[in-house]
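Report on the following structure.
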Amino acid sequence: MPTEIWQTPIEIAIAGGDHFKSIQNSREALETLMTCWPEKGRRSFAIAKRACMKSLSGEADHAAAARAFQEAAIEAGILRP
């Protein structure tokens with residue numbers, strides 16, 4: 001499984017906004033989506049999860065996974081400005 005480092009890490013708020021986490025690749029993004037994501041029912045969550053899984057299996061570009069993860073974080077209101 002490739003663990004390509006994203007060009008720019010994506011920072012999100014966790015634990016109710018008290019802490020921040022820097023996501024640097026699709027593996028970290030998928031782990032975050034599955035363990036501490038606040039809104040797992042949204043379409044952007046499903047798209048990000050699928051993009052990260054495809055990136056890890058080599059079926060998709062890791063930059064696409066980063067974009068999908070960032071969009072999901074924006075929609076969930078946890079992207080660090």
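Please note that chains go A, B, ... in the order of the structure tokens, that every chain numbers its residues from 1, and that ligands are numbered from 1 in the order shown.
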With a distance cut-off of 9 Å and only C-alpha atoms, select the neighbouring residues of A:Ser44, excluding the residue or stretch itself and same-chain residues fewer than 5 positions from it, and output the selection as JSON, numbers by chain. {"A": [49, 68, 69, 71, 72, 73, 75, 76]}
A:Ser26 environment, 9 Å, only C-alpha atoms, sequence neighbours closer than 3 positions dropped, as a PDB file with C-alpha atoms, in the first residue's frame:
ATOM      1  CA  PRO A   2       1.496   3.343  -0.957  1.00  0.00           C
ATOM      2  CA  THR A   3       1.561   6.055   1.672  1.00  0.00           C
ATOM      3  CA  GLU A   4       2.350   9.047  -0.498  1.00  0.00           C
ATOM      4  CA  ILE A   5       2.769  12.262   1.465  1.00  0.00           C
ATOM      5  CA  TRP A   6       0.349  14.937   0.322  1.00  0.00           C
ATOM      6  CA  ILE A  23      -3.245  14.808   8.083  1.00  0.00           C
ATOM      7  CA  ALA A  29      -7.058  10.499   6.358  1.00  0.00           C
ATOM      8  CA  LEU A  30      -8.855   7.160   6.207  1.00  0.00           C
ATOM      9  CA  GLU A  31      -7.981   6.429   9.830  1.00  0.00           C
ATOM     10  CA  ALA A  51     -11.093   8.354  -2.564  1.00  0.00           C
ATOM     11  CA  CYS A  52      -8.693   7.464   0.240  1.00  0.00           C
ATOM     12  CA  MET A  53      -9.294   3.744  -0.187  1.00  0.00           C
ATOM     13  CA  SER A  55      -5.538   6.039  -3.348  1.00  0.00           C
ATOM     14  CA  LEU A  56      -4.210   3.412  -0.965  1.00  0.00           C
ATOM     15  CA  HIS A  62      -3.327  10.672  -3.841  1.00  0.00           C
ATOM     16  CA  ALA A  65      -7.891  11.857  -1.998  1.00  0.00           C
ATOM     17  CA  ALA A  66      -6.469  14.999  -0.405  1.00  0.00           C
ATOM     18  CA  PHE A  69     -10.731  14.850   2.398  1.00  0.00           C
TER      19      PHE A  69
END
List every residue of chain A that DSSP, applied to the backbone, labels as helix (DSSP H, G or I), and write the result as JSON, numbers by chain. {"A": [15, 16, 17, 26, 27, 28, 29, 30, 31, 32, 33, 34, 35, 36, 43, 44, 45, 46, 47, 48, 49, 50, 51, 52, 53, 54, 55, 56, 57, 62, 63, 64, 65, 66, 67, 68, 69, 70, 71, 72, 73, 74, 75, 76]}
Between A:Ala60, A:Gly16, A:Ala46, A:Met34, smallest distance to A:Gly77 by only C-alpha atoms belongs to A:Gly16
Between A:Lys40, A:Arg67, A:Arg80, A:Arg27, which one has atoms that come closest to A:Ala13, using only C-alpha atoms?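 Smallest distance to A:Ala13 is found for A:Arg80.
The coordinates place atom CA of A:Ile14 at 26.8 Å from atom CA of A:Ser57.
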